[in-house]
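Student: Have a look at this one before I ask anything.
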Number of protein chains: 2
Amino acid sequence: MATIGDIAVAAAINIITALIFLIAFAFLRLQPVNDRVYFPKWYIKGLRTSPTASDGTFVTKFVNLDYRSYLTFLNWVPAALTMPQSELIDHAGLDSVVYLRIYLLGLKIFTPIFLFTWAILIPVNWTNNTLEQSQDTYSQIDKLSISNIPHASPRFWAHVAMAYLVMIWTCFMLKKEYETVANMRFYCLQSENHRPDQFTVLVKNVPRDDHESVSETVDNFFLVNHHDNYLTHQVVYNANKLAKLVKKKQKKQNWLDYYQIKYSKNPSKRPMMKTGFLGLWGAKVDAIEHHETEITKLSDEVNINPSIFGKIIYMLARDFMHFSIQIAEERKNVMDDPKAILPVAFVSFKTRWGAAVAAQTQQVRNPTLWLTEWAPEPRDVYWKNLAIPYVSLTVRKVIMGVAFFFLTFFYVIPIAFVQSLANIEGIEKAVPFLKPLINIKLIKSFIQGFLPGIVLKIFLKLLPKILMMMSKFEGFLSISRLERRCASRYYLFKFVNVFLGSIIAGAAFEQLSTFLNQPASRIPETIGIAIPMKATFFITYIMVDGWSGTAGEILRLKRLIIYHLKNIFLVKTERDREKAMNPGSIGFNTGEPQIQFYFLIGLVYAVVTPLLIPFILVFFGLAFVVYRHQVINVYNPKYESRAAFWPDVHGRVITALIISQVLLMGLLSTKHAAASTPVLLALPVLTMGFHIYCKGRFEPAFTRYPLQEAINKDTLDRVKEPNLSLNLKGYLEHAYIHPVFKDDGSDDHYEDGTPNVPTKRHTRPEPSRTNEEEVLQEKHKP
Amino acid sequence: MATIGDIAVAAAINIITALIFLIAFAFLRLQPVNDRVYFPKWYIKGLRTSPTASDGTFVTKFVNLDYRSYLTFLNWVPAALTMPQSELIDHAGLDSVVYLRIYLLGLKIFTPIFLFTWAILIPVNWTNNTLEQSQDTYSQIDKLSISNIPHASPRFWAHVAMAYLVMIWTCFMLKKEYETVANMRFYCLQSENHRPDQFTVLVKNVPRDDHESVSETVDNFFLVNHHDNYLTHQVVYNANKLAKLVKKKQKKQNWLDYYQIKYSKNPSKRPMMKTGFLGLWGAKVDAIEHHETEITKLSDEVNINPSIFGKIIYMLARDFMHFSIQIAEERKNVMDDPKAILPVAFVSFKTRWGAAVAAQTQQVRNPTLWLTEWAPEPRDVYWKNLAIPYVSLTVRKVIMGVAFFFLTFFYVIPIAFVQSLANIEGIEKAVPFLKPLINIKLIKSFIQGFLPGIVLKIFLKLLPKILMMMSKFEGFLSISRLERRCASRYYLFKFVNVFLGSIIAGAAFEQLSTFLNQPASRIPETIGIAIPMKATFFITYIMVDGWSGTAGEILRLKRLIIYHLKNIFLVKTERDREKAMNPGSIGFNTGEPQIQFYFLIGLVYAVVTPLLIPFILVFFGLAFVVYRHQVINVYNPKYESRAAFWPDVHGRVITALIISQVLLMGLLSTKHAAASTPVLLALPVLTMGFHIYCKGRFEPAFTRYPLQEAINKDTLDRVKEPNLSLNLKGYLEHAYIHPVFKDDGSDDHYEDGTPNVPTKRHTRPEPSRTNEEEVLQEKHKP
């Protein structure tokens, strides 16, 4: 039982940690050398250039010597908050803006709940002496919670009333927010320029025809069935093998670059090599010859200078050439082979109306053929999964459902197995020659103490990646949908293993067997009764994960280190540096479940232990500022789904609400407050009713394109750009091309989707260098 | 424990009962006087006329004296079976034909299961002596069941293998059937003549506009958003009040007719009266005057002839006139009042393609406005619910969900209450003057013995009506959907109260509390262990409900009696006689759950007690023949949904399959056959996978109209009838009119929907009279 003192100490520690992170950030971000780590978004937008390109003394290139800038080290906070929402949408996209609204939603929901529960429940709880009379040990925190109310007390009606208030307020805010987001989405659709996905429909499962190519089949079908609207289409090649090769080649090149830089420290013939190999990048068919001469040159060099680096470079270069030839051949194969054309096509229409009609209707009798759906953005397409045949999708879904079930409930078993292997005796047996080393006391205690923990830690770090792999296996066709699927699974995992796992100690599969062997009505009681006792645990959790973790996010320590390492070892050109800065994205698949976890804790404890609410409020406030700053200055979204994830967000808050209501029911039934049970029973029913209503009222806005909107936008276009329809075909004909067929074959997301138009921006990050205003529109290319 | 002897006796009794019913039917149906009861379908089609219209002696009008026809009294069976399917579709509609296929599906699924289980499981079960060694009493039937296998015997693998076989075979047949039905549906859509619902979309929630009428709003909206396809529309009037008045008037008229016939036995002035009052039928606005004179005449008459009948007739006629005036006024009100126009419209398009597009797309940003759906047939529309505002629909759904839950689990409580009231003391207290009567021994024992049972019986008889009222309250817009909803609820009710209720004795709410207070994993065990013991109960149930009940259905005893009563007391004209014959319809809402119940029992017992299967086979065979006969000769469908109910049928068989698998798992786990549990666990998972696959593959065929089908049919039409598009508007303009606005204001379903075209029929019901071939196309109208 933690006392208020314990909590205060933990709070102090975490506040100090968070402050250290924030001060470190404030200091590091002012150094020009870190500029690309803390402001990558502006580099990508072309609104900021590398300090190396500017003049100034050598030292000022790396360190900020202007003492004045340190005095205002916290002014990133107002800067992050002042950019207006409409400008932020232009700057970072609707997805990011709506994502930030989740934090705001947290503030909006929990601030009134905080005020009410503290004003009403804390006095109601405090003015009892149940705990003082009982024999158990207790802390002041428990005195503030529902535990302090005697059995069958009429005071429980205050909690019941509060539960209703919480539900009504949460639902009211959720509805308002759903409405706002839906309107923002439509406004965005209505105001943005024409984009290929507005006119395009993704058609899956085009039936094979022996006498026609896929392209002809698609053409004929849409000319007949969408006669007035059909414009053009693009077939999709199965370029998975090619993409693999390109990836391998890139990896090889990275190593090659690395060794070449090392090698270049013997300064002989360096420049010649460099241009030579960078020419290979983006090889075409005629490059083969070029390669061969290159290799000959290299082998000469190796003969001249038979150092170890020389040999490695020679070998790498040979492999590299090998890949280049393979890629060229594979590319030719893919383009020529009719079998490499997948039964999938991106079909474009003359009007948005035509596309909206095609996307929302069933085309033929067999509903598994000619499946149409609103095409994702070109950069959002997950090309690899387009090659998965439809029949296997159900099987894949079932397999992944079962796999996820086992992952959630039984993941502890393989980890325990690995942990059992990773003990001293096991290692001694496996690698006997390490025995003397292991027997050193320090190493021994390290292995015994940390190894098991590390195995679990590694698994939890890998979990989002595992979930992403599972989603990919399931066959979703766009990155946005992959991330949404991951998010919901991650949330489920966290709910079972962190929430339930913390409340009822024991591994998930033990809980599972408990639940299966327990009456259904007892389950909420079992959990409910444990909830007030775990309040201090969750308060600590919020401070560590929510406060320090969020402050750590802004520091980007890992990215900072990697950037500098890359900068030292790999970066040769401006382009390399751009690749090295790797801004990352907001990470919906891990970030959103984290926020949702706070909603869950907050709603569960709102009535039970109101003391917890302010901790959550601090998290939401801090996270909002931090992530708004990151969205403005750092993250570069991989896609723009126009807030398509909102129904998921809404649904999970509703889930949390219902869970909190059921658990409260369980808790109160153990408190002999039976009279309140029927009243509480109405809560989840009402919440479900609200959810059904919202689903009908708002969800279609996120999945369909209403015909009226489409036709309005079409009409507007026709007035504004009367000759648009003439250019449209050319514009759409090559909008959806697998990235490996693009000239450089690279995967850079920020190069193919959005045009690099400078935003109509007024606010900018405050100057960290004197020459900051100098804007370079063109990137240096080798 | 019933022995094989008991079963044999029960079988004999039921076979005899069924035979008596069949012989009675064979005899009664040959009597010309019953012709309209047993062949109403042919009268409605206009292919058969009343024997009263024919010549012949007086006696042969009522009784068949031709002894030869009695010799072949069973030849209705081949006659029912010989009509080919395509002809049956023409004759009775696709719904009926597909409904009959459910019985066939039962035969197809259970015949091989019967063969396999009897060949394998019966010997496996029989060749043990577990029961002989045990102390319990047992019967020969138990020796044939799984109960005879010793604990943890390897023989259980035979049952597990059989469970797999049952699943694979059932799923295979289900898939084949789903495919066939979907194709039949499309074939039907493709081959039928143009019908209004093919071109029409039902638009709900048209937004109100202060400056425009609903009609103008609809016109403007579709002219803009479906410019190329929009043709015309019809607004819907809120005629619920009017319909109520019309109904009241009809009721009054029935009584009036009844008394007039009674009165006419004093033969004074009879003919004058008759023509007078039949003129009122179909009253228009100018009828008011006419009525008044009529009433004056009547009051004169009453003065002349002040008998009790005369007074009643006078009063009724006054009421009747009053209603007629009210109706005329209300009709005028509705037509003139802009507020009586509901925000609902039937919008028709130039092509099927246009209608298919409009029905499948979202129209505006707000998904609760301009809701479009494929319009039901005109006669299928449930007009009353068109007036329900959209916002209340969610609330209504939730209320009905809760209400149904209570109805299912707690219906016993009010019945027990009524039963407790209906005891001797209660009645004596309530109506003390009946005391002497009640104290008569016979009446006393009758009340004590039968009343409680009758209360339950009445409730169960009323249940389908209660469920239908609940569905109506929920706001479904077509009769077909109402019936489908009722069917699924009725099935659930039967599952809980008949299936579970019979296996675990005790009322449903007691079960509910048992289940809530029992571990989830124990529930299948609790039920599973009781299953083999209840086999004899279900065998008896099948024989009573399935054999005798089905044979009783063909006799139509209730309808026969009502027809003859009406014939004696009410019928004056040919038209009255037509109304009196009331063919009824197949009754999907009660019939289908009954069949499904046999699927459930069959699948549950297939592996446990294979002895039960042949009883089910007999049911399916008998019911198929009986209902095929009824569909050909009796039922007149209220609507034609083109087999839209099949996904429900499929889903419920899948449900039964999964229930059977879970229960088998529970049963085997009590048999210490733990090794088989993981193998069995795969069964429901595989079945669910199959269901998801089928849902994706076939279900859209029943809810959407594929664009290719629509455009093919459009093209065909254009070639066949080049001037169709000119006539289309006139054809569609008045297709959807509330029946009360039709001239006679009556509700006759077989008068407004399908044209009375004689079918291209070859087979006919065998002659029961000599003048049968004489066909009267025109009905006598007063």
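All residue names refer to the structure tokens as shown: chains lettered A, B, ... in order, residues numbered from 1 in each chain, ligands numbered from 1 in order.
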Output the contact residues of chain A with respect to chain B at a cut-off of 8 Å, based on only C-alpha atoms, as number ranges by chain.

Tutor: A: 186, 225, 356-357, 360-368, 394-395, 398, 515-522, 689, 692-693, 696-698, 700-701, 704-709, 711

Student: Just want the 10 Å neighbourhood of A:Ile529, counted on only C-alpha atoms, with same-chain residues fewer than 5 positions away dropped. Output as a VMD selection string.

Tutor: chain A and resid 147 503 to 504 524 534 663 to 664 666 to 671

Student: Could you turn the residues from that selection into a file that holds N, CA, C and O atoms, as a compact mmCIF listing (two decimals), in the first residue's frame?

Tutor:
# COMPACT_ATOMS: atom_id res chain seq x y z
N SER A 147 -13.22 2.68 -1.46
CA SER A 147 -13.00 1.66 -0.43
C SER A 147 -13.44 2.13 0.95
O SER A 147 -13.72 1.33 1.82
N ILE A 503 -4.26 -5.70 -12.77
CA ILE A 503 -5.29 -5.75 -11.73
C ILE A 503 -5.34 -7.13 -11.09
O ILE A 503 -5.34 -7.26 -9.87
N ILE A 504 -5.38 -8.15 -11.93
CA ILE A 504 -5.33 -9.50 -11.38
C ILE A 504 -3.95 -10.01 -11.70
O ILE A 504 -3.64 -10.27 -12.87
N PRO A 524 -16.87 -9.69 -13.49
CA PRO A 524 -16.75 -8.26 -13.15
C PRO A 524 -16.47 -8.05 -11.67
O PRO A 524 -15.74 -7.13 -11.30
N LYS A 534 -5.47 -1.07 -6.91
CA LYS A 534 -4.40 -0.89 -7.89
C LYS A 534 -4.24 0.56 -8.31
O LYS A 534 -3.50 0.86 -9.24
N LEU A 663 -17.31 -2.88 -14.72
CA LEU A 663 -16.47 -3.10 -13.55
C LEU A 663 -17.04 -2.40 -12.32
O LEU A 663 -16.98 -2.94 -11.22
N LEU A 664 -17.62 -1.23 -12.53
CA LEU A 664 -18.23 -0.54 -11.40
C LEU A 664 -19.38 -1.38 -10.84
O LEU A 664 -19.55 -1.50 -9.62
N GLY A 666 -19.59 -4.59 -10.97
CA GLY A 666 -18.97 -5.69 -10.22
C GLY A 666 -18.51 -5.23 -8.85
O GLY A 666 -18.75 -5.90 -7.84
N LEU A 667 -17.87 -4.07 -8.82
CA LEU A 667 -17.35 -3.56 -7.56
C LEU A 667 -18.49 -3.29 -6.58
O LEU A 667 -18.44 -3.71 -5.42
N LEU A 668 -19.53 -2.63 -7.07
CA LEU A 668 -20.62 -2.28 -6.16
C LEU A 668 -21.36 -3.52 -5.68
O LEU A 668 -21.87 -3.54 -4.56
N SER A 669 -21.42 -4.55 -6.52
CA SER A 669 -22.14 -5.75 -6.07
C SER A 669 -21.38 -6.43 -4.93
O SER A 669 -21.99 -7.10 -4.11
N THR A 670 -20.05 -6.24 -4.86
CA THR A 670 -19.33 -6.80 -3.72
C THR A 670 -19.48 -5.91 -2.49
O THR A 670 -19.12 -6.31 -1.39
N LYS A 671 -19.97 -4.71 -2.70
CA LYS A 671 -20.14 -3.78 -1.58
C LYS A 671 -21.53 -3.86 -0.99
O LYS A 671 -21.96 -2.96 -0.28

Student: Just want the 7 Å neighbourhood of stretch 547-554 of chain B, counted on only C-alpha atoms, with same-chain residues fewer than 5 positions away dropped. Output as a ChimeraX atom specification.

Tutor: /B:14,17-18,21-22,25,542,619,623,626,630

Student: Next, dump the selected residues to file, keeping only N, CA, C and O atoms, as a compact mmCIF listing (two decimals), in the first residue's frame.

Tutor:
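Once written, out_30.txt looks like this:
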# COMPACT_ATOMS: atom_id res chain seq x y z
N ASN B 14 -48.77 -41.93 -33.61
CA ASN B 14 -48.62 -40.76 -34.46
C ASN B 14 -48.79 -41.08 -35.93
O ASN B 14 -49.31 -40.27 -36.69
N THR B 17 -52.47 -41.27 -36.38
CA THR B 17 -53.03 -39.92 -36.41
C THR B 17 -52.77 -39.26 -37.75
O THR B 17 -53.68 -38.70 -38.38
N ALA B 18 -51.52 -39.36 -38.19
CA ALA B 18 -51.18 -38.72 -39.45
C ALA B 18 -51.99 -39.32 -40.58
O ALA B 18 -52.50 -38.61 -41.45
N PHE B 21 -55.48 -38.03 -40.58
CA PHE B 21 -55.51 -36.69 -41.18
C PHE B 21 -55.45 -36.77 -42.70
O PHE B 21 -56.19 -36.10 -43.41
N LEU B 22 -54.53 -37.63 -43.19
CA LEU B 22 -54.33 -37.69 -44.64
C LEU B 22 -55.57 -38.25 -45.32
O LEU B 22 -55.99 -37.76 -46.38
N PHE B 25 -58.25 -35.72 -45.26
CA PHE B 25 -57.99 -34.73 -46.28
C PHE B 25 -58.37 -35.26 -47.65
O PHE B 25 -59.06 -34.57 -48.44
N ILE B 542 -40.67 -34.95 -32.32
CA ILE B 542 -40.68 -34.96 -33.79
C ILE B 542 -41.95 -35.61 -34.31
O ILE B 542 -42.57 -35.12 -35.24
N PHE B 619 -39.87 -36.64 -41.27
CA PHE B 619 -40.48 -35.32 -41.21
C PHE B 619 -40.19 -34.52 -42.48
O PHE B 619 -41.09 -33.96 -43.10
N ALA B 623 -43.09 -33.41 -44.93
CA ALA B 623 -43.36 -31.98 -44.99
C ALA B 623 -43.13 -31.45 -46.40
O ALA B 623 -43.87 -30.59 -46.89
N VAL B 626 -46.20 -32.43 -48.43
CA VAL B 626 -47.39 -31.69 -47.98
C VAL B 626 -47.30 -30.23 -48.40
O VAL B 626 -48.23 -29.68 -48.99
N GLN B 630 -49.50 -27.86 -50.84
CA GLN B 630 -50.15 -26.64 -50.36
C GLN B 630 -49.74 -25.43 -51.21
O GLN B 630 -50.56 -24.58 -51.52

Student: Applying 8 Å and only C-alpha atoms, which residues near B:Arg396 remain after dropping the ones on its own chain fewer than 3 positions away? List them as number ranges by chain.

Tutor: B: 392-393, 399-400, 473-475

Student: Save out the residues we just selected, N, CA, C and O atoms, as a tab-separated table (two decimals), in the first residue's frame.

Tutor:
chain	number	residue	atom	x	y	z
B	392	SER	N	-36.21	8.00	-34.18
B	392	SER	CA	-36.74	7.12	-33.14
B	392	SER	C	-36.39	5.66	-33.43
B	392	SER	O	-36.62	4.80	-32.59
B	393	LEU	N	-35.83	5.38	-34.60
B	393	LEU	CA	-35.62	3.98	-34.96
B	393	LEU	C	-34.61	3.29	-34.04
B	393	LEU	O	-34.83	2.16	-33.62
B	399	ILE	N	-35.19	-0.69	-27.46
B	399	ILE	CA	-36.32	-1.08	-26.61
B	399	ILE	C	-36.76	-2.50	-26.95
B	399	ILE	O	-36.96	-3.34	-26.07
B	400	MET	N	-36.86	-2.78	-28.25
B	400	MET	CA	-37.35	-4.09	-28.64
B	400	MET	C	-36.33	-5.18	-28.32
B	400	MET	O	-36.71	-6.31	-27.98
B	473	PHE	N	-43.26	-2.55	-34.51
B	473	PHE	CA	-42.85	-1.40	-33.69
B	473	PHE	C	-41.43	-0.97	-34.03
B	473	PHE	O	-41.10	0.22	-33.97
B	474	GLU	N	-40.61	-1.93	-34.40
B	474	GLU	CA	-39.22	-1.59	-34.73
B	474	GLU	C	-39.11	-0.77	-36.01
B	474	GLU	O	-38.07	-0.15	-36.24
B	475	GLY	N	-40.13	-0.81	-36.85
B	475	GLY	CA	-40.14	0.10	-37.97
B	475	GLY	C	-39.66	-0.44	-39.30
B	475	GLY	O	-39.24	0.33	-40.16

Student: Residues near A:Asp209, anyone? I mean within 12 Å using only C-alpha atoms, not counting same-chain ones fewer than 4 positions away, as an NGL selection string.

Tutor: :A and (205 or 213-218 or 220 or 338-339 or 343)

Student: Given the selection you just returned, output its residues as a file containing all heavy atoms, formatted as a short mmCIF file (atom, residue, chain, number, x, y, z; two decimals), in the first residue's frame.

Tutor:
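In the end it all went to out-v1.cif:
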data_model
loop_
_atom_site.label_atom_id
_atom_site.label_comp_id
_atom_site.auth_asym_id
_atom_site.auth_seq_id
_atom_site.Cartn_x
_atom_site.Cartn_y
_atom_site.Cartn_z
N ASN A 205 -9.72 -8.50 -58.10
CA ASN A 205 -10.30 -9.73 -58.65
C ASN A 205 -10.93 -9.55 -60.03
O ASN A 205 -12.08 -9.91 -60.25
CB ASN A 205 -11.36 -10.27 -57.70
CG ASN A 205 -10.75 -11.28 -56.78
OD1 ASN A 205 -9.58 -11.12 -56.40
ND2 ASN A 205 -11.48 -12.31 -56.47
N SER A 213 -6.14 -9.71 -72.58
CA SER A 213 -5.26 -9.33 -71.48
C SER A 213 -6.12 -8.69 -70.39
O SER A 213 -7.26 -8.30 -70.62
CB SER A 213 -4.21 -8.34 -71.97
OG SER A 213 -4.83 -7.12 -72.27
N VAL A 214 -5.53 -8.58 -69.20
CA VAL A 214 -6.25 -7.96 -68.09
C VAL A 214 -6.69 -6.54 -68.48
O VAL A 214 -7.81 -6.11 -68.21
CB VAL A 214 -5.37 -7.93 -66.82
CG1 VAL A 214 -6.03 -7.10 -65.74
CG2 VAL A 214 -5.12 -9.33 -66.33
N SER A 215 -5.75 -5.86 -69.13
CA SER A 215 -6.03 -4.48 -69.51
C SER A 215 -7.26 -4.38 -70.42
O SER A 215 -8.14 -3.55 -70.21
CB SER A 215 -4.79 -3.92 -70.21
OG SER A 215 -5.02 -2.62 -70.61
N GLU A 216 -7.33 -5.29 -71.39
CA GLU A 216 -8.48 -5.27 -72.30
C GLU A 216 -9.77 -5.61 -71.56
O GLU A 216 -10.81 -4.99 -71.77
CB GLU A 216 -8.28 -6.27 -73.44
CG GLU A 216 -7.31 -5.77 -74.49
CD GLU A 216 -6.84 -6.88 -75.42
OE1 GLU A 216 -7.02 -8.07 -75.07
OE2 GLU A 216 -6.29 -6.58 -76.47
N THR A 217 -9.67 -6.62 -70.68
CA THR A 217 -10.86 -7.01 -69.92
C THR A 217 -11.40 -5.82 -69.13
O THR A 217 -12.60 -5.54 -69.16
CB THR A 217 -10.50 -8.14 -68.93
OG1 THR A 217 -9.74 -9.13 -69.62
CG2 THR A 217 -11.73 -8.77 -68.35
N VAL A 218 -10.49 -5.14 -68.43
CA VAL A 218 -10.92 -3.99 -67.63
C VAL A 218 -11.55 -2.93 -68.51
O VAL A 218 -12.63 -2.40 -68.22
CB VAL A 218 -9.71 -3.42 -66.84
CG1 VAL A 218 -10.09 -2.11 -66.18
CG2 VAL A 218 -9.21 -4.41 -65.83
N ASN A 220 -12.98 -3.21 -71.47
CA ASN A 220 -14.29 -3.61 -71.99
C ASN A 220 -15.35 -3.53 -70.91
O ASN A 220 -16.45 -3.02 -71.14
CB ASN A 220 -14.25 -5.05 -72.52
CG ASN A 220 -13.41 -5.13 -73.77
OD1 ASN A 220 -13.15 -4.10 -74.40
ND2 ASN A 220 -12.98 -6.32 -74.13
N PRO A 338 2.90 -11.46 -69.46
CA PRO A 338 1.49 -11.15 -69.16
C PRO A 338 1.05 -11.73 -67.83
O PRO A 338 0.08 -11.28 -67.23
CB PRO A 338 0.73 -11.77 -70.33
CG PRO A 338 1.66 -12.75 -70.94
CD PRO A 338 3.05 -12.30 -70.65
N LYS A 339 1.76 -12.78 -67.39
CA LYS A 339 1.35 -13.38 -66.11
C LYS A 339 1.74 -12.52 -64.92
O LYS A 339 1.25 -12.73 -63.81
CB LYS A 339 1.98 -14.77 -65.97
CG LYS A 339 1.19 -15.80 -66.73
CD LYS A 339 1.70 -17.18 -66.49
CE LYS A 339 0.99 -18.16 -67.40
NZ LYS A 339 1.75 -19.38 -67.59
N PRO A 343 -4.50 -9.47 -61.33
CA PRO A 343 -5.91 -9.21 -61.65
C PRO A 343 -6.47 -8.03 -60.84
O PRO A 343 -7.52 -8.12 -60.23
CB PRO A 343 -6.60 -10.52 -61.27
CG PRO A 343 -5.76 -11.08 -60.19
CD PRO A 343 -4.35 -10.66 -60.47
#

Student: Which one is closest to A:Leu603: A:Met321, A:Ala119, A:Ile658, A:Ala580? Count only C-alpha atoms.

Tutor: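 Checking each candidate against A:Leu603, we get A:Ile658 as the closest.
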
Student: Applying 10 Å and only C-alpha atoms, which residues near B:Ala682 remain after dropping the ones on its own chain fewer than 5 positions away? List them as a PyMOL selection string.

Tutor: chain B and resi 164+661+677+687-688

Student: Please save N, CA, C and O atoms of the selected residues as an mmCIF file, in the first residue's frame.

Tutor:
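See part30.cif below for the written result:
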data_model
loop_
_atom_site.group_PDB
_atom_site.id
_atom_site.type_symbol
_atom_site.label_atom_id
_atom_site.label_comp_id
_atom_site.auth_asym_id
_atom_site.auth_seq_id
_atom_site.Cartn_x
_atom_site.Cartn_y
_atom_site.Cartn_z
ATOM 1 N N TYR B 164 -16.637 -34.422 -37.787
ATOM 2 C CA TYR B 164 -16.004 -33.747 -38.924
ATOM 3 C C TYR B 164 -16.759 -34.030 -40.208
ATOM 4 O O TYR B 164 -16.997 -33.135 -41.021
ATOM 5 N N GLN B 661 -21.630 -28.629 -32.301
ATOM 6 C CA GLN B 661 -20.218 -28.917 -32.074
ATOM 7 C C GLN B 661 -19.796 -28.554 -30.652
ATOM 8 O O GLN B 661 -19.066 -29.309 -29.999
ATOM 9 N N THR B 677 -10.562 -33.061 -27.301
ATOM 10 C CA THR B 677 -11.039 -31.682 -27.208
ATOM 11 C C THR B 677 -10.330 -30.735 -28.175
ATOM 12 O O THR B 677 -10.992 -29.983 -28.893
ATOM 13 N N THR B 687 -16.096 -23.954 -38.991
ATOM 14 C CA THR B 687 -17.464 -23.616 -39.407
ATOM 15 C C THR B 687 -17.632 -22.109 -39.515
ATOM 16 O O THR B 687 -18.239 -21.609 -40.467
ATOM 17 N N MET B 688 -17.088 -21.382 -38.541
ATOM 18 C CA MET B 688 -17.178 -19.918 -38.602
ATOM 19 C C MET B 688 -16.467 -19.391 -39.853
ATOM 20 O O MET B 688 -16.968 -18.501 -40.544
#

Student: What lies within 12 Å of A:Glu592 using only C-alpha atoms, ignoring chain neighbours under 2 positions off, as a PyMOL selection string?

Tutor: chain A and resi 96+98-103+483-491+494+586-590+594-599+623+645-646+648-650+652-653

Student: Considering only C-alpha atoms, can you say which of A:Leu612, A:Asn238, A:Asn148, A:Gln140 comes closest to A:Asp336?

Tutor: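 Ranked by minimum distance to A:Asp336, first place goes to A:Asn238.
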
Student: Looking at only C-alpha atoms, which of B:Arg208, B:Lys457, B:Arg352, B:Arg556 is the one that sits closest to B:Leu28?

Tutor: B:Arg556

Student: Atom CA of B:Leu622 and atom CA of B:Cys171 are how many Å apart?

Tutor: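 The value is 24.0 Å.
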
Student: In Å, how far is it from atom CA of A:Phe199 to atom CA of A:Gly584?

Tutor: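 Taking atom CA of A:Phe199 and atom CA of A:Gly584, their separation equals 29.3 Å.
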
Student: Can you tell me, as a VMD selection string, which residues in stretch 325-473 of chain B count as alpha helix (DSSP H) by DSSP?

Tutor: chain B and resid 325 to 336 352 to 360 391 to 410 412 to 421 424 to 430 435 to 438 441 to 473

Student: If you measure from atom CA of A:Gly602 to atom CA of A:Glu177, what distance in Å do you get, rounded to one decimal?

Tutor: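 Separating atom CA of A:Gly602 from atom CA of A:Glu177 is a distance of 18.4 Å.
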